[in-house]
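K.L.:
Sending over query.cif (mmCIF, C-alpha atoms).
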data_upload
loop_
_atom_site.group_PDB
_atom_site.id
_atom_site.type_symbol
_atom_site.label_atom_id
_atom_site.label_comp_id
_atom_site.auth_asym_id
_atom_site.auth_seq_id
_atom_site.Cartn_x
_atom_site.Cartn_y
_atom_site.Cartn_z
ATOM 1 C CA ILE Y 3 -0.923 15.194 2.177
ATOM 2 C CA PHE Y 4 -2.177 16.392 -1.190
ATOM 3 C CA ILE Y 5 -1.610 12.906 -2.643
ATOM 4 C CA PHE Y 6 -3.433 11.285 0.282
ATOM 5 C CA SER Y 7 -6.403 13.603 0.028
ATOM 6 C CA THR Y 8 -6.578 13.220 -3.745
ATOM 7 C CA LEU Y 9 -6.583 9.440 -3.389
ATOM 8 C CA LEU Y 10 -9.187 9.670 -0.660
ATOM 9 C CA TYR Y 11 -11.308 11.844 -2.871
ATOM 10 C CA THR Y 12 -11.296 9.189 -5.601
ATOM 11 C CA ILE Y 13 -11.605 6.042 -3.450
ATOM 12 C CA LYS Y 14 -15.243 5.143 -2.908
ATOM 13 C CA PHE Y 15 -16.733 2.340 -0.852
ATOM 14 C CA GLU Y 16 -20.279 1.155 -1.458
ATOM 15 C CA ASP Y 17 -21.735 3.194 1.399
ATOM 16 C CA MET Y 18 -19.243 6.064 1.333
ATOM 17 C CA THR Y 19 -21.318 9.206 1.243
ATOM 18 C CA ALA Y 20 -18.731 11.832 2.153
ATOM 19 C CA ASP Y 21 -19.354 14.718 -0.178
ATOM 20 C CA PHE Y 22 -16.255 16.906 -0.236
ATOM 21 C CA GLN Y 23 -16.829 20.450 -1.433
ATOM 22 C CA ASP Y 24 -13.408 20.484 -2.985
ATOM 23 C CA ILE Y 25 -9.917 19.141 -2.490
ATOM 24 C CA GLU Y 26 -9.197 21.683 0.247
ATOM 25 C CA ASP Y 27 -11.991 20.257 2.411
ATOM 26 C CA ALA Y 28 -10.549 16.783 1.934
ATOM 27 C CA GLN Y 29 -7.077 18.010 2.860
ATOM 28 C CA LYS Y 30 -8.417 19.664 6.014
ATOM 29 C CA MET Y 31 -10.310 16.522 6.945
ATOM 30 C CA VAL Y 32 -7.217 14.337 6.455
ATOM 31 C CA TRP Y 33 -5.025 16.758 8.377
ATOM 32 C CA ASN Y 34 -7.536 16.857 11.277
ATOM 33 C CA ILE Y 35 -7.640 13.068 11.460
ATOM 34 C CA LEU Y 36 -3.845 12.833 11.463
ATOM 35 C CA GLN Y 37 -3.545 15.485 14.182
ATOM 36 C CA GLU Y 38 -6.288 14.107 16.419
ATOM 37 C CA THR Y 39 -5.065 10.525 16.312
ATOM 38 C CA ASP Y 40 -3.209 9.313 19.410
ATOM 39 C CA TRP Y 41 -0.226 7.684 17.696
ATOM 40 C CA THR Y 42 1.023 6.248 21.001
ATOM 41 C CA GLU Y 43 -1.759 3.681 21.220
ATOM 42 C CA PHE Y 44 -0.393 0.160 21.091
ATOM 43 C CA TRP Y 45 -2.532 -1.020 18.183
ATOM 44 C CA LEU Y 46 -1.580 1.999 16.033
ATOM 45 C CA ILE Y 47 2.089 1.346 16.726
ATOM 46 C CA GLY Y 48 1.427 -2.248 15.658
ATOM 47 C CA VAL Y 49 -0.172 -1.108 12.406
ATOM 48 C CA GLN Y 50 2.779 1.207 11.713
ATOM 49 C CA MET Y 51 5.238 -1.611 12.442
ATOM 50 C CA PHE Y 52 3.253 -3.919 10.155
ATOM 51 C CA HIS Y 53 3.563 -1.479 7.262
ATOM 52 C CA ALA Y 54 7.273 -0.904 7.944
ATOM 53 C CA LEU Y 55 7.848 -4.664 8.062
ATOM 54 C CA VAL Y 56 5.964 -5.206 4.809
ATOM 55 C CA PHE Y 57 8.002 -2.448 3.156
ATOM 56 C CA CYS Y 58 11.206 -4.135 4.365
ATOM 57 C CA PHE Y 59 9.929 -7.401 2.873
ATOM 58 C CA VAL Y 60 9.337 -5.587 -0.412
ATOM 59 C CA ILE Y 61 12.953 -4.406 -0.467
ATOM 60 C CA ILE Y 62 14.356 -7.772 0.656
ATOM 61 C CA SER Y 63 12.293 -9.770 -1.819
ATOM 62 C CA HIS Y 64 13.380 -7.428 -4.620
ATOM 63 C CA ARG Y 65 17.066 -7.776 -3.810
ATOM 64 C CA ALA Y 66 16.999 -11.512 -3.084
ATOM 65 C CA ASN Y 67 14.618 -12.448 -5.933
ATOM 66 C CA LEU Y 68 12.151 -14.161 -3.607
ATOM 67 C CA HIS Y 69 9.329 -14.309 -6.128
ATOM 68 C CA LEU Y 70 6.957 -16.702 -4.352
ATOM 69 C CA PHE Y 71 7.379 -14.840 -1.073
ATOM 70 C CA SER Y 72 6.639 -11.505 -2.721
ATOM 71 C CA VAL Y 73 3.559 -12.879 -4.492
ATOM 72 C CA ILE Y 74 2.195 -14.234 -1.196
ATOM 73 C CA ILE Y 75 2.683 -10.880 0.544
ATOM 74 C CA PHE Y 76 1.233 -8.995 -2.436
ATOM 75 C CA LEU Y 77 -1.889 -11.168 -2.489
ATOM 76 C CA SER Y 78 -2.220 -10.874 1.294
ATOM 77 C CA LEU Y 79 -2.168 -7.087 0.992
ATOM 78 C CA LEU Y 80 -4.848 -7.245 -1.694
ATOM 79 C CA VAL Y 81 -7.026 -9.421 0.556
ATOM 80 C CA ILE Y 82 -6.594 -6.926 3.409
ATOM 81 C CA MET Y 83 -7.580 -4.106 1.063
ATOM 82 C CA TYR Y 84 -10.580 -6.071 -0.207
ATOM 83 C CA PHE Y 85 -11.932 -6.662 3.311
ATOM 84 C CA ALA Y 86 -11.169 -3.154 4.589
ATOM 85 C CA GLN Y 87 -14.805 -2.117 4.733
ATOM 86 C CA SER Y 88 -15.702 -5.197 6.769
ATOM 87 C CA LEU Y 89 -12.685 -4.577 9.010
ATOM 88 C CA ASN Y 90 -13.838 -0.985 9.473
ATOM 89 C CA THR Y 91 -17.324 -2.087 10.506
ATOM 90 C CA LEU Y 92 -15.937 -4.729 12.863
ATOM 91 C CA ALA Y 93 -13.473 -2.260 14.382
ATOM 92 C CA ALA Y 94 -16.208 0.362 14.817
ATOM 93 C CA GLN Y 95 -18.337 -2.130 16.736
ATOM 94 C CA ASN Y 96 -15.483 -3.351 18.966
ATOM 95 C CA TYR Y 97 -13.191 -0.344 19.288
ATOM 96 C CA THR Y 98 -13.486 -0.291 23.097
ATOM 97 C CA GLN Y 99 -11.504 -3.532 23.272
ATOM 98 C CA PHE Y 100 -8.356 -2.104 21.668
ATOM 99 C CA ALA Y 101 -8.608 1.701 21.310
ATOM 100 C CA LYS Y 102 -9.190 4.664 23.580
ATOM 101 C CA ASP Y 103 -11.238 6.614 21.032
ATOM 102 C CA GLN Y 104 -13.681 5.811 18.245
ATOM 103 C CA TYR Y 105 -11.643 6.358 15.093
ATOM 104 C CA PHE Y 106 -13.663 4.227 12.693
ATOM 105 C CA ASP Y 107 -16.257 6.368 10.930
ATOM 106 C CA SER Y 108 -18.925 5.053 8.591
ATOM 107 C CA ASP Y 109 -17.184 6.637 5.612
ATOM 108 C CA GLY Y 110 -14.026 4.612 6.196
ATOM 109 C CA LEU Y 111 -11.740 7.627 6.047
ATOM 110 C CA PHE Y 112 -9.595 6.615 9.020
ATOM 111 C CA ILE Y 113 -9.068 3.041 7.861
ATOM 112 C CA THR Y 114 -8.267 4.355 4.402
ATOM 113 C CA LEU Y 115 -5.523 6.571 5.797
ATOM 114 C CA ILE Y 116 -4.116 4.087 8.279
ATOM 115 C CA LEU Y 117 -4.516 0.775 6.472
ATOM 116 C CA LEU Y 118 -5.401 1.081 2.803
ATOM 117 C CA LEU Y 119 -3.008 3.742 1.553
ATOM 118 C CA PRO Y 120 0.128 2.136 3.007
ATOM 119 C CA CYS Y 121 -1.022 -1.252 1.661
ATOM 120 C CA ALA Y 122 -1.635 0.300 -1.743
ATOM 121 C CA PHE Y 123 1.808 1.942 -1.738
ATOM 122 C CA ASN Y 124 3.439 -1.366 -0.809
ATOM 123 C CA CYS Y 125 1.554 -3.074 -3.643
ATOM 124 C CA ILE Y 126 2.737 -0.372 -6.027
ATOM 125 C CA PHE Y 127 6.316 -0.940 -4.836
ATOM 126 C CA PHE Y 128 5.893 -4.660 -5.513
ATOM 127 C CA ILE Y 129 4.671 -3.961 -9.038
ATOM 128 C CA ILE Y 130 7.542 -1.542 -9.692
ATOM 129 C CA SER Y 131 9.976 -4.151 -8.379
ATOM 130 C CA TRP Y 132 8.534 -6.816 -10.666
ATOM 131 C CA LEU Y 133 8.672 -4.483 -13.650
ATOM 132 C CA LEU Y 134 12.307 -3.657 -12.914
ATOM 133 C CA GLN Y 135 13.156 -7.342 -12.587
ATOM 134 C CA SER Y 136 11.384 -8.105 -15.866
ATOM 135 C CA TRP Y 137 13.174 -5.272 -17.617
ATOM 136 C CA THR Y 138 16.542 -6.450 -16.317
ATOM 137 C CA LEU Y 139 15.792 -10.005 -17.399
ATOM 138 C CA MET Y 140 14.806 -8.889 -20.914
ATOM 139 C CA VAL Y 141 17.943 -6.747 -21.255
ATOM 140 C CA ASP Y 142 20.142 -9.647 -20.118
ATOM 141 C CA LEU Y 143 18.403 -12.019 -22.521
ATOM 142 C CA LYS Y 144 18.862 -9.652 -25.453
ATOM 143 C CA ARG Y 145 22.559 -9.187 -24.600
ATOM 144 C CA GLN Y 146 23.026 -12.952 -24.554
ATOM 145 C CA GLN Y 147 21.247 -13.260 -27.903
ATOM 146 C CA ILE Y 148 23.511 -10.599 -29.411
ATOM 147 C CA ARG Y 149 26.628 -12.296 -27.999
ATOM 148 C CA HIS Y 150 25.467 -15.667 -29.284
ATOM 149 C CA ALA Y 151 24.729 -14.233 -32.731
ATOM 150 C CA ALA Y 152 28.146 -12.506 -32.775
ATOM 151 C CA SER Y 153 29.942 -15.692 -31.780
ATOM 152 C CA GLN Y 154 28.105 -17.688 -34.472
ATOM 153 C CA LYS Y 155 28.936 -15.042 -37.071
ATOM 154 C CA LYS Y 156 32.547 -15.055 -35.947
ATOM 155 C CA ASP Y 157 32.740 -18.870 -36.234
ATOM 156 C CA LYS Y 158 31.521 -18.778 -39.845
#
Take the structure I supplied and represent it as structure tokens, if you would.

P.N.:
Amino acid sequence: IFIFSTLLYTIKFEDMTADFQDIEDAQKMVWNILQETDWTEFWLIGVQMFHALVFCFVIISHRANLHLFSVIIFLSLLVIMYFAQSLNTLAAQNYTQFAKDQYFDSDGLFITLILLLPCAFNCIFFIISWLLQSWTLMVDLKRQQIRHAASQKKDK
């Protein structure tokens, strides 16, 4: 929760005017939102399943070296994050069609917790995966260069 509230404290939308007294106020606010949310609502279960599915795709694409697939998902997550403020406004105007309660505040705190942070973590996992793959590729290349140089030296 400390990580979430710290990230929330630093993330700012254009019209985000929440003025937290300190990190403790942000932590209390985050904790209240998480406690007051009805996690049994169908659309929230769908959002949770979406994030779990994306995380599974991150793991699968890392293990199977599906580079194009991972880039498409990564860019899709970035587009979702880019339009989060518009999604928040749209959801706030039409929440009665899919939710029991009005969760979408003008500060965007709820959508940040529910949508943006998991998307950001999945993007970070993608980047870590790509860095690990690059590192492995460079190590393998260097080993092959050393073997090739050793075999050429041996032939001379």

K.L.:
Mind checking which residues fall within 10 Å of Ile35 (chain Y), counting all atoms listed in the file, ignoring those fewer than 6 positions away in the same chain, and posting them as a list of chain:residue names?

P.N.:
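Using all atoms listed in the file, the neighbours found are Y:Gln29, Y:Tyr105, Y:Leu111, Y:Phe112, Y:Leu115.
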
K.L.:
Kindly resolve the PyMOL selection byres ((chain Y and resi 94) around 12) on the present coordinates and return the residues as a ChimeraX atom specification.

P.N.:
/Y:86-93,95-101,103-110,112-113

K.L.:
Keeping only C-alpha atoms, take the residues you just selected and write them out as a PDB file, in the coordinates of the input.

P.N.:
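Below is the file that was written, selection.pdb:
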ATOM      1  CA  ALA Y  86     -11.169  -3.154   4.589  1.00  0.00           C
ATOM      2  CA  GLN Y  87     -14.805  -2.117   4.733  1.00  0.00           C
ATOM      3  CA  SER Y  88     -15.702  -5.197   6.769  1.00  0.00           C
ATOM      4  CA  LEU Y  89     -12.685  -4.577   9.010  1.00  0.00           C
ATOM      5  CA  ASN Y  90     -13.838  -0.985   9.473  1.00  0.00           C
ATOM      6  CA  THR Y  91     -17.324  -2.087  10.506  1.00  0.00           C
ATOM      7  CA  LEU Y  92     -15.937  -4.729  12.863  1.00  0.00           C
ATOM      8  CA  ALA Y  93     -13.473  -2.260  14.382  1.00  0.00           C
ATOM      9  CA  GLN Y  95     -18.337  -2.130  16.736  1.00  0.00           C
ATOM     10  CA  ASN Y  96     -15.483  -3.351  18.966  1.00  0.00           C
ATOM     11  CA  TYR Y  97     -13.191  -0.344  19.288  1.00  0.00           C
ATOM     12  CA  THR Y  98     -13.486  -0.291  23.097  1.00  0.00           C
ATOM     13  CA  GLN Y  99     -11.504  -3.532  23.272  1.00  0.00           C
ATOM     14  CA  PHE Y 100      -8.356  -2.104  21.668  1.00  0.00           C
ATOM     15  CA  ALA Y 101      -8.608   1.701  21.310  1.00  0.00           C
ATOM     16  CA  ASP Y 103     -11.238   6.614  21.032  1.00  0.00           C
ATOM     17  CA  GLN Y 104     -13.681   5.811  18.245  1.00  0.00           C
ATOM     18  CA  TYR Y 105     -11.643   6.358  15.093  1.00  0.00           C
ATOM     19  CA  PHE Y 106     -13.663   4.227  12.693  1.00  0.00           C
ATOM     20  CA  ASP Y 107     -16.257   6.368  10.930  1.00  0.00           C
ATOM     21  CA  SER Y 108     -18.925   5.053   8.591  1.00  0.00           C
ATOM     22  CA  ASP Y 109     -17.184   6.637   5.612  1.00  0.00           C
ATOM     23  CA  GLY Y 110     -14.026   4.612   6.196  1.00  0.00           C
ATOM     24  CA  PHE Y 112      -9.595   6.615   9.020  1.00  0.00           C
ATOM     25  CA  ILE Y 113      -9.068   3.041   7.861  1.00  0.00           C
TER      26      ILE Y 113
END

K.L.:
Quick one: of Y:Ala28, Y:Val141, Y:Ile116, Y:Cys125, who's nearest to Ile47 (chain Y), counting all atoms listed in the file?

P.N.:
Y:Ile116

K.L.:
Got a sec to resolve the PyMOL selection byres ((chain Y and resi 55-66) around 10) on this structure and send the residues as a VMD selection string?

P.N.:
chain Y and resid 49 to 54 67 to 73 75 to 76 79 120 to 121 123 to 125 127 to 132 134 to 135

K.L.:
Mind writing the picked residues with C-alpha atoms as a PDB file, in the frame of the given file?

P.N.:
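Generated output (again-v5.pdb):
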ATOM      1  CA  VAL Y  49      -0.172  -1.108  12.406  1.00  0.00           C
ATOM      2  CA  GLN Y  50       2.779   1.207  11.713  1.00  0.00           C
ATOM      3  CA  MET Y  51       5.238  -1.611  12.442  1.00  0.00           C
ATOM      4  CA  PHE Y  52       3.253  -3.919  10.155  1.00  0.00           C
ATOM      5  CA  HIS Y  53       3.563  -1.479   7.262  1.00  0.00           C
ATOM      6  CA  ALA Y  54       7.273  -0.904   7.944  1.00  0.00           C
ATOM      7  CA  ASN Y  67      14.618 -12.448  -5.933  1.00  0.00           C
ATOM      8  CA  LEU Y  68      12.151 -14.161  -3.607  1.00  0.00           C
ATOM      9  CA  HIS Y  69       9.329 -14.309  -6.128  1.00  0.00           C
ATOM     10  CA  LEU Y  70       6.957 -16.702  -4.352  1.00  0.00           C
ATOM     11  CA  PHE Y  71       7.379 -14.840  -1.073  1.00  0.00           C
ATOM     12  CA  SER Y  72       6.639 -11.505  -2.721  1.00  0.00           C
ATOM     13  CA  VAL Y  73       3.559 -12.879  -4.492  1.00  0.00           C
ATOM     14  CA  ILE Y  75       2.683 -10.880   0.544  1.00  0.00           C
ATOM     15  CA  PHE Y  76       1.233  -8.995  -2.436  1.00  0.00           C
ATOM     16  CA  LEU Y  79      -2.168  -7.087   0.992  1.00  0.00           C
ATOM     17  CA  PRO Y 120       0.128   2.136   3.007  1.00  0.00           C
ATOM     18  CA  CYS Y 121      -1.022  -1.252   1.661  1.00  0.00           C
ATOM     19  CA  PHE Y 123       1.808   1.942  -1.738  1.00  0.00           C
ATOM     20  CA  ASN Y 124       3.439  -1.366  -0.809  1.00  0.00           C
ATOM     21  CA  CYS Y 125       1.554  -3.074  -3.643  1.00  0.00           C
ATOM     22  CA  PHE Y 127       6.316  -0.940  -4.836  1.00  0.00           C
ATOM     23  CA  PHE Y 128       5.893  -4.660  -5.513  1.00  0.00           C
ATOM     24  CA  ILE Y 129       4.671  -3.961  -9.038  1.00  0.00           C
ATOM     25  CA  ILE Y 130       7.542  -1.542  -9.692  1.00  0.00           C
ATOM     26  CA  SER Y 131       9.976  -4.151  -8.379  1.00  0.00           C
ATOM     27  CA  TRP Y 132       8.534  -6.816 -10.666  1.00  0.00           C
ATOM     28  CA  LEU Y 134      12.307  -3.657 -12.914  1.00  0.00           C
ATOM     29  CA  GLN Y 135      13.156  -7.342 -12.587  1.00  0.00           C
TER      30      GLN Y 135
END

K.L.:
Please indicate the distance in Å from CA of Asp142 (chain Y) to CA of Ile126 (chain Y), rounded to one decimal place.

P.N.:
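Separating CA of Asp142 (chain Y) from CA of Ile126 (chain Y) is a distance of 24.2 Å.
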
K.L.:
Distance CA of Lys30 (chain Y)-CA of Leu119 (chain Y), one decimal place?

P.N.:
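Straight-line distance from CA of Lys30 (chain Y) to CA of Leu119 (chain Y) works out to 17.4 Å.
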
K.L.:
How many Å separate CA of Lys102 (chain Y) from CA of Asp40 (chain Y)?

P.N.:
8.6 Å
